[in-house]
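What follows is one structure encoded as structure tokens, with my remarks underneath.
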Amino acid sequence: MSIHPLGELNYNGYLAQAESIDEARARLQGVSLQLMLDTFALCIVMRNFCHSMLLLCRAPHKLAAWCCISQTLPAIVFLMMGSFGIISPHGPSCRSTIWIGCAGLIISADAANALLLAKAYRVHRCNRWLLAIGILLILPSPVFTWIVVYHCHITLTPTAGCLFVFPSYLPWLKFALDAPINIFFSVAFIMVVFQQYRISGVKCWADLGRDGFITMLLVVTSNLICATAVAFGLFGEMAEMFWVGDW
């Protein structure tokens with residue numbers, strides 16, 4: 001485990017260590033940008049959380065409702081921790097925020113994968129082989145968090161504020177953990193949908209299959225774009241925010 005001294009500070013502690021007005025101003029620019037992005041993302045996530053809560057109130061016994069909550073709630077916790085670390089003198093450290101964010105990212109992804117697995121499992125008439133393969137595909141997901149904790153270090157920079165430095169393979173590992181699961185579960189579901197359309201000829205089955213295919217393409221494309229942006233450092237040190245966007 002690599003722990004950088006700056007990663008143990010929150011933003012106020014980082015600003016307090018500036019040795020001159022110019023240095024403090026430069027550090028404040030990165031902090032302000034981080035706060036702006038966190039606030040923007042929090043507004044979007046809060047909207048999704050409200051929809052998730054409405055779904056949960058209407059169908060408290062549905063897996064989909066709980067999966068939606070499990071996707072949005074960790075994002076709210078992470079973004080609020082990040083914002084609180086900026087505006088409060090006693091806010092959490094940069095390292096704590098990043099670690100919570102990475103754990104939340106995996107929880108959110110696993111919730112989405114669990115929902116896809118349940119959907120594919122049901123339409124395939126509770127096929128146990130499909131269930132076993134799906135579980136095996138989901139199980140490696142915590143590897144991402146393990147690498148962040150033990151093979152990355154978190155620091156603070158004037159440009160990006162809270163930043164974690166990761167191995168070059170990490171974005172592609174994240175993509176390899178996400179994309180195959182999305183493709184496998186989505187294809188398993190879409191195959192049954194189009195089979196039903198061929199049998200019945202009802203247009204709603206075709207519409208469902210088309211929407212499912214488009215959704216799969218959008219999700220995988222988002223995974224690929226974000227992995228590429230982070231891997232090649234698009235927008236420099238702010239590239240890690242693409243993971244938040246993919247969330």
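Naming scheme: A, B, ... for chains in displayed order of the structure tokens; residues 1 onward per chain; ligands 1 onward as shown.
The neighbours of A:Ser83 here are the residues that come within 9 Å of it, using only C-alpha atoms and leaving out any residue fewer than 5 positions away in the same chain; they are Gln34, Leu35, Asp38, Thr39, Phe78, Ser88 and Gly91 of chain A.
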Could you turn the residues from that selection into a file that holds N, CA and C atoms, as a PDB file, in the first residue's frame?
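That gives us part.pdb:
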ATOM      1  N   GLN A  34     -12.700  21.343  -9.084  1.00  0.00           N
ATOM      2  CA  GLN A  34     -13.182  20.079  -8.529  1.00  0.00           C
ATOM      3  C   GLN A  34     -14.560  20.255  -7.896  1.00  0.00           C
ATOM      4  N   LEU A  35     -14.748  21.340  -7.169  1.00  0.00           N
ATOM      5  CA  LEU A  35     -16.042  21.598  -6.530  1.00  0.00           C
ATOM      6  C   LEU A  35     -17.131  21.815  -7.574  1.00  0.00           C
ATOM      7  N   ASP A  38     -17.968  18.406  -9.073  1.00  0.00           N
ATOM      8  CA  ASP A  38     -18.692  17.596  -8.088  1.00  0.00           C
ATOM      9  C   ASP A  38     -20.138  18.063  -7.949  1.00  0.00           C
ATOM     10  N   THR A  39     -20.326  19.370  -7.927  1.00  0.00           N
ATOM     11  CA  THR A  39     -21.683  19.918  -7.785  1.00  0.00           C
ATOM     12  C   THR A  39     -22.539  19.581  -8.995  1.00  0.00           C
ATOM     13  N   PHE A  78     -20.225   9.536  -2.347  1.00  0.00           N
ATOM     14  CA  PHE A  78     -18.901   9.922  -2.839  1.00  0.00           C
ATOM     15  C   PHE A  78     -18.831  11.411  -3.170  1.00  0.00           C
ATOM     16  N   SER A  88     -15.517  22.222   4.050  1.00  0.00           N
ATOM     17  CA  SER A  88     -15.420  22.115   5.508  1.00  0.00           C
ATOM     18  C   SER A  88     -13.965  21.965   5.949  1.00  0.00           C
ATOM     19  N   GLY A  91     -13.359  18.278   6.836  1.00  0.00           N
ATOM     20  CA  GLY A  91     -13.852  17.302   5.876  1.00  0.00           C
ATOM     21  C   GLY A  91     -12.922  16.114   5.731  1.00  0.00           C
TER      22      GLY A  91
END
Q | Members of stretch 2-211 of chain A assigned strand (DSSP E) by DSSP, as a ChimeraX atom specification | A | /A:153-157,161-165
Requested write-out: C-alpha atoms of the selected residues, as a short mmCIF file (atom, residue, chain, number, x, y, z; two decimals), in the first residue's frame:
data_model
loop_
_atom_site.label_atom_id
_atom_site.label_comp_id
_atom_site.auth_asym_id
_atom_site.auth_seq_id
_atom_site.Cartn_x
_atom_site.Cartn_y
_atom_site.Cartn_z
CA HIS A 153 -1.41 6.44 -4.45
CA ILE A 154 -3.64 9.42 -3.81
CA THR A 155 -2.38 12.97 -3.74
CA LEU A 156 -3.47 16.58 -4.21
CA THR A 157 -2.36 18.72 -7.14
CA GLY A 161 -7.27 18.86 -6.66
CA CYS A 162 -7.78 15.33 -5.37
CA LEU A 163 -6.06 12.90 -7.72
CA PHE A 164 -5.11 9.26 -7.67
CA VAL A 165 -2.14 7.97 -9.62
#
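The shortest atom-to-atom distance to A:Pro167, with only C-alpha atoms taken into account, belongs to A:Cys152 out of A:Cys152, A:Ala24, A:Ala120, A:Val219.
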Q.
For a quick check of understanding, using only C-alpha atoms, which of A:Ile133, A:Thr159, A:Met46, A:Ala227 has the smallest distance to A:Glu23?
A.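 Going through A:Ile133, A:Thr159, A:Met46, A:Ala227 one by one, the smallest distance to A:Glu23 is for A:Thr159.
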Q: Would you list the contacts of A:Trp99 as a ChimeraX atom specification, taking every protein, DNA or RNA residue within 8 Å and counting only C-alpha atoms, but skipping same-chain residues closer than 2 positions in sequence?
A: /A:95-97,101-103,145,148-149
How would the residues just picked look written out with N, CA and C atoms as a short mmCIF file (atom, residue, chain, number, x, y, z; two decimals), in the first residue's frame?
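Output file out_34.cif follows:
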data_model
loop_
_atom_site.label_atom_id
_atom_site.label_comp_id
_atom_site.auth_asym_id
_atom_site.auth_seq_id
_atom_site.Cartn_x
_atom_site.Cartn_y
_atom_site.Cartn_z
N ARG A 95 -7.60 10.83 0.33
CA ARG A 95 -7.52 9.37 0.20
C ARG A 95 -8.84 8.71 0.59
N SER A 96 -9.45 9.16 1.67
CA SER A 96 -10.72 8.57 2.10
C SER A 96 -11.79 8.75 1.03
N THR A 97 -11.81 9.93 0.43
CA THR A 97 -12.81 10.21 -0.60
C THR A 97 -12.63 9.31 -1.81
N GLY A 101 -15.07 6.41 -3.15
CA GLY A 101 -15.57 6.52 -4.52
C GLY A 101 -15.33 5.26 -5.33
N CYS A 102 -14.15 4.67 -5.19
CA CYS A 102 -13.84 3.45 -5.94
C CYS A 102 -14.70 2.27 -5.45
N ALA A 103 -14.91 2.19 -4.15
CA ALA A 103 -15.79 1.15 -3.62
C ALA A 103 -17.21 1.35 -4.12
N THR A 145 -11.03 -2.26 -6.92
CA THR A 145 -10.84 -1.56 -5.65
C THR A 145 -9.56 -2.01 -4.97
N VAL A 148 -6.69 -0.20 -6.52
CA VAL A 148 -6.67 1.20 -6.11
C VAL A 148 -6.07 1.35 -4.71
N VAL A 149 -6.43 0.45 -3.81
CA VAL A 149 -5.96 0.54 -2.43
C VAL A 149 -4.48 0.19 -2.31
#
**Q.** Long-range neighbours of A:Ala41 as a ChimeraX atom specification, 8 Å cut-off, only C-alpha atoms, 6 positions minimum in chain
**A.** /A:79,244-245
**Q.** Residue contacts of A:Asn48 (9 Å, only C-alpha atoms) excluding same-chain residues fewer than 6 positions away, as a count of residues only
**A.** 3
Q: Mind checking which residues fall within 12 Å of A:Ala26, counting only C-alpha atoms, ignoring those fewer than 2 positions away in the same chain, and posting them as a PyMOL selection string?
A: chain A and resi 14-15+18-24+28-33+157-161
Q.
Set the distance at 10 Å and use only C-alpha atoms: which residues neighbour A:Gly13 once local chain neighbours fewer than 2 positions away are removed? I'd like the list as number ranges by chain.
A. A: 6, 8-11, 15-18, 85-86, 89-91, 93
Q: Please run DSSP on the backbone and report, as a PyMOL selection string, all residues within stretch 29-235 of chain A that come out as alpha helix (DSSP H).
A: chain A and resi 29-58+63-87+94-123+128-138+143-151+170-200+203-231
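For the residues A:Val220, A:Phe235, A:Arg128, A:Ala65, ranking by smallest atom-to-atom distance to A:Phe184 using only C-alpha atoms places A:Val220 first.
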Q.
So the first atom is atom CA of A:Leu105 and the second is atom CA of A:Ala59; what is the distance between them in Å, to one decimal place?
A.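 Taking atom CA of A:Leu105 and atom CA of A:Ala59, their separation equals 24.7 Å.
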Q.
Please determine, counting only C-alpha atoms, which residue among A:Ile147, A:Cys50, A:Leu131, A:Ile106 has the shortest atom-to-atom distance to A:Lys119.
A. A:Leu131
